[in-house]
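Asks: Below is the file entry34.txt, which contains compact mmCIF, C-alpha atoms.
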# COMPACT_ATOMS: atom_id res chain seq x y z
CA MET A 1 72.92 -110.77 44.52
CA THR A 2 71.52 -107.49 45.81
CA ALA A 3 72.49 -104.11 44.39
CA ALA A 4 74.27 -103.35 47.67
CA ALA A 5 76.33 -106.51 47.44
CA VAL A 6 77.22 -105.76 43.82
CA LEU A 7 78.29 -102.21 44.71
CA THR A 8 80.30 -103.36 47.70
CA ALA A 9 82.02 -106.02 45.59
CA ALA A 10 82.77 -103.46 42.87
CA VAL A 11 84.25 -101.04 45.40
CA ILE A 12 86.38 -103.78 46.92
CA VAL A 13 87.64 -104.97 43.52
CA THR A 14 88.43 -101.40 42.47
CA ALA A 15 90.30 -100.74 45.70
CA GLN A 16 92.22 -104.01 45.34
CA GLN A 17 93.12 -103.15 41.74
CA GLN A 18 94.31 -99.72 42.84
CA GLN A 19 96.31 -101.32 45.63
CA SER A 20 98.04 -103.81 43.34
CA SER A 21 98.83 -101.16 40.73
CA THR A 22 100.46 -98.84 43.29
CA THR A 23 102.62 -101.41 45.05
CA THR A 24 106.10 -101.78 43.57
CA ALA A 25 108.61 -104.51 44.18
CA THR A 26 111.40 -102.01 44.80
CA THR A 27 109.63 -100.16 47.61
CA THR A 28 110.46 -101.35 51.09
CA GLU A 29 108.17 -98.93 52.92
CA GLN A 30 104.70 -99.96 54.00
CA GLN A 31 102.27 -98.66 51.36
CA PRO A 32 98.72 -97.68 52.30
CA ALA A 33 96.11 -100.13 50.98
CA VAL A 34 94.84 -97.46 48.60
CA PRO A 35 96.63 -94.33 47.41
CA LEU A 36 95.03 -91.48 49.32
CA ARG A 37 94.03 -88.17 47.77
CA THR A 38 93.82 -84.83 49.49
CA PHE A 39 91.22 -82.36 48.29
CA THR A 40 91.09 -78.61 48.55
CA PRO A 41 88.02 -77.11 50.21
CA GLU A 42 86.84 -76.03 46.75
CA GLU A 43 87.09 -79.58 45.37
CA ILE A 44 85.19 -80.96 48.37
CA ALA A 45 82.46 -78.34 47.91
CA ALA A 46 82.17 -79.14 44.19
CA MET A 47 81.82 -82.90 44.79
CA ALA A 48 79.49 -82.35 47.74
CA ALA A 49 77.18 -80.28 45.53
CA THR A 50 76.39 -83.43 43.55
CA LEU A 51 75.15 -85.27 46.67
CA PRO A 52 71.94 -84.59 48.63
CA GLU A 53 72.24 -82.05 51.43
CA GLY A 54 72.62 -83.27 54.97
CA PRO A 55 74.90 -83.19 57.98
CA GLY A 56 78.13 -85.00 57.18
CA ARG A 57 77.99 -84.54 53.40
CA GLU A 58 81.38 -82.78 53.18
CA VAL A 59 83.02 -85.27 55.55
CA THR A 60 81.65 -88.11 53.42
CA VAL A 61 83.18 -86.55 50.32
CA LYS A 62 86.50 -86.03 52.12
CA VAL A 63 86.72 -89.60 53.44
CA CYS A 64 85.17 -91.54 50.56
CA GLY A 65 86.67 -89.38 47.84
CA GLN A 66 90.19 -90.45 48.79
CA CYS A 67 89.65 -93.66 46.82
CA HIS A 68 86.59 -93.28 44.60
CA GLU A 69 83.91 -90.82 43.60
CA PRO A 70 81.56 -90.41 46.57
CA GLN A 71 78.54 -90.44 44.27
CA ARG A 72 78.71 -94.25 44.11
CA ALA A 73 76.49 -94.34 47.18
CA ALA A 74 73.66 -92.55 45.37
CA SER A 75 72.46 -95.75 43.69
CA VAL A 76 72.49 -97.94 46.80
CA ARG A 77 69.95 -98.17 49.59
CA LEU A 78 71.05 -99.93 52.78
CA THR A 79 70.03 -100.13 56.40
CA ARG A 80 72.22 -98.45 59.03
CA GLU A 81 73.85 -101.81 59.70
CA GLY A 82 74.54 -102.26 56.00
CA TRP A 83 76.17 -98.83 55.70
CA SER A 84 78.16 -99.48 58.86
CA ASP A 85 79.48 -102.69 57.29
CA VAL A 86 80.39 -100.87 54.06
CA VAL A 87 82.27 -98.15 55.97
CA ALA A 88 84.12 -100.80 57.99
CA LYS A 89 85.10 -102.61 54.78
CA MET A 90 86.32 -99.37 53.23
CA VAL A 91 88.43 -98.64 56.32
CA GLY A 92 89.88 -102.12 55.95
CA LEU A 93 90.76 -101.24 52.36
CA GLY A 94 92.51 -98.03 53.37
CA ALA A 95 89.91 -95.30 53.85
CA ARG A 96 91.18 -92.82 56.43
CA GLY A 97 89.25 -90.76 58.93
CA THR A 98 88.86 -90.23 62.63
CA ASP A 99 86.27 -92.24 64.54
CA ALA A 100 84.07 -89.14 64.65
CA GLU A 101 84.39 -88.63 60.87
CA LEU A 102 83.60 -92.28 60.14
CA GLU A 103 80.53 -92.03 62.36
CA GLN A 104 79.45 -88.91 60.43
CA VAL A 105 79.93 -90.76 57.14
CA THR A 106 77.85 -93.70 58.37
CA GLU A 107 75.16 -91.36 59.67
CA TYR A 108 75.02 -89.39 56.41
CA LEU A 109 74.83 -92.52 54.25
CA ALA A 110 72.30 -94.27 56.50
CA THR A 111 70.08 -91.19 56.60
CA THR A 112 70.42 -90.06 53.00
CA PHE A 113 70.55 -93.43 51.24
CA ARG A 114 68.31 -95.37 53.62
CA GLY A 115 66.98 -98.77 52.69
CA GLU A 116 64.64 -101.15 54.39
CA ALA A 117 65.69 -104.42 55.83
CA PRO A 118 64.20 -107.34 53.95
CA LYS A 119 61.09 -108.72 55.59
CA PRO A 120 61.55 -112.24 56.94
CA ILE A 121 59.39 -115.08 55.66
CA ASN A 122 57.45 -117.43 57.89
CA LEU A 123 58.71 -120.94 57.13
CA ASN A 124 55.41 -122.41 58.34
CA THR A 125 53.42 -120.70 55.58
CA ALA A 126 56.07 -120.04 52.90
CA SER A 127 55.44 -121.29 49.39
CA SER A 128 57.93 -123.42 47.52
CA VAL A 129 58.99 -120.36 45.48
CA GLU A 130 59.64 -118.32 48.65
CA LEU A 131 61.63 -121.17 50.18
CA GLU A 132 63.74 -121.38 47.03
CA SER A 133 64.29 -117.65 46.59
CA VAL A 134 64.62 -116.41 50.18
CA ALA A 135 65.88 -119.47 52.02
CA ALA A 136 67.98 -120.58 49.00
CA LEU A 137 66.64 -124.11 49.22
CA LEU A 138 66.70 -126.34 46.17
CA ARG A 139 63.32 -127.41 44.82
CA LYS A 140 63.68 -130.87 46.38
CA GLU A 141 64.72 -129.32 49.75
CA ALA A 142 61.71 -127.00 49.71
CA ALA A 143 59.49 -129.98 48.91
CA ALA A 144 61.04 -131.94 51.79
CA TRP A 145 60.25 -129.12 54.25
CA ILE A 146 56.69 -128.69 52.99
CA ALA A 147 56.08 -132.46 53.27
CA TYR A 148 57.59 -132.46 56.79
CA ARG A 149 55.48 -129.52 58.04
CA ASN A 150 52.33 -131.06 56.52
CA THR A 151 52.86 -134.35 58.39
CA LYS A 152 54.72 -133.34 61.58
CA GLY A 153 53.44 -129.78 62.06
CA PRO A 154 55.00 -126.33 61.98
CA CYS A 155 58.41 -125.39 63.30
CA LYS A 156 58.65 -123.50 66.57
CA THR A 157 62.27 -122.35 66.13
CA LEU A 158 64.77 -122.46 63.30
CA ASP A 159 66.71 -125.09 65.24
CA ASP A 160 63.81 -127.47 64.53
CA PHE A 161 65.25 -127.78 61.02
CA LYS A 162 68.07 -129.90 62.41
CA LYS A 163 65.49 -132.73 62.54
CA VAL A 164 64.24 -132.34 58.95
CA ALA A 165 65.78 -134.91 56.62
CA GLY A 166 66.59 -133.49 53.20
CA VAL A 167 66.92 -129.86 54.33
CA PRO A 168 70.49 -128.71 55.05
CA PHE A 169 70.38 -126.81 58.34
CA LYS A 170 73.41 -124.77 57.26
CA LYS A 171 71.29 -122.97 54.64
CA ILE A 172 68.67 -122.11 57.24
CA ASP A 173 71.27 -121.02 59.77
CA GLU A 174 73.05 -118.74 57.25
CA ARG A 175 69.78 -116.89 56.58
CA ARG A 176 68.47 -116.55 60.14
CA ASP A 177 67.90 -112.84 59.65
CA ARG A 178 65.40 -113.55 56.85
CA LEU A 179 63.58 -116.58 58.27
CA VAL A 180 61.12 -117.04 61.13
CA CYS A 181 58.86 -119.73 62.57
CA PHE A 182 55.51 -118.62 64.06
Please re-express this file's structure in structure tokens.

Replies:
Amino acid sequence: MTAAAVLTAAVIVTAQQQQSSTTTATTTEQQPAVPLRTFTPEEIAAMAATLPEGPGREVTVKVCGQCHEPQRAASVRLTREGWSDVVAKMVGLGARGTDAELEQVTEYLATTFRGEAPKPINLNTASSVELESVAALLRKEAAAWIAYRNTKGPCKTLDDFKKVAGVPFKKIDERRDRLVCF
């Protein structure tokens, strides 16, 4: 599991724990998913000072700080798409902000805590270890693909794996963003 996935899971679990601890059986009103906090401008400035400078830093503190310390992002490096997904998940868990604020948060995180997308592997030249670690194939499945490509030739598209006995196409399909044939 990547560091980003671990952080996202931790944030989700924390938010869910906060949600369950704030919901009472006697309340009939609709509770927000997470109890929201409101900060004074001084509190926002103090928290923002612990994050790298950049446009959107204060908005990030305001939006993210409603549920958790905004410094959690400092240890994670994601692509823009990854940060966009995290922000969307946090909104689903109760984070509040206007569309413009959420865009500023995504922009700040994607710019300040930028990561690189993993490089895809070429299934026609990948070693057994790469097939096991990146494509999540079992040792026998990796061996089946290597035997197939040695006798029948390289794949032209990932859909060619539908024809390979002993290699579950579902695993290949789930990791399309990390696998290529050329």

Asks: Would you compute the distance between CA of Leu131 in chain A and CA of Arg77 in chain A? Give it in Å to one decimal.

Replies: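 Rounded to one decimal, the two atoms are 24.5 Å apart.
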
Asks: Counting only C-alpha atoms, which of A:Ile146, A:Thr151, A:Asp177, A:Ala73 gets nearest to Pro120 in chain A?

Replies: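 Among the listed residues, A:Asp177 lies closest to Pro120 in chain A.
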
Asks: Find the residues near Pro154 in chain A: any atom within 9 Å, counting only C-alpha atoms, skip ones fewer than 5 places away on the same chain, and give them as a list of chain:residue names.

Replies: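 The neighbour list is A:Leu123, A:Asn124, A:Thr125, A:Tyr148, A:Arg149, A:Cys181, A:Phe182.
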
Asks: I need the chosen residues saved as an mmCIF file, in the frame of the given file, with C-alpha atoms.

Replies:
data_model
loop_
_atom_site.group_PDB
_atom_site.id
_atom_site.type_symbol
_atom_site.label_atom_id
_atom_site.label_comp_id
_atom_site.auth_asym_id
_atom_site.auth_seq_id
_atom_site.Cartn_x
_atom_site.Cartn_y
_atom_site.Cartn_z
ATOM 1 C CA LEU A 123 58.710 -120.940 57.130
ATOM 2 C CA ASN A 124 55.410 -122.410 58.340
ATOM 3 C CA THR A 125 53.420 -120.700 55.580
ATOM 4 C CA TYR A 148 57.590 -132.460 56.790
ATOM 5 C CA ARG A 149 55.480 -129.520 58.040
ATOM 6 C CA CYS A 181 58.860 -119.730 62.570
ATOM 7 C CA PHE A 182 55.510 -118.620 64.060
#

Asks: Which one is closest to Lys119 in chain A: A:Phe161, A:Glu43, A:Ala88, A:Val134? Count only C-alpha atoms.

Replies: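 Looking only at the distances to Lys119 in chain A, the closest residue turns out to be A:Val134.
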
Asks: Just to confirm, what's the straight-line distance from CA of Val129 in chain A to CA of Trp145 in chain A in Å (one decimal)?

Replies: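 Going from CA of Val129 in chain A over to CA of Trp145 in chain A covers 12.5 Å.
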
Asks: Identify which of the residues A:Leu102, A:Ala165, A:Leu179, A:Leu78 lies closest to Glu141 in chain A, counting all atoms listed in the file when measuring atom-to-atom distances.

Replies: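 Smallest distance to Glu141 in chain A is found for A:Ala165.
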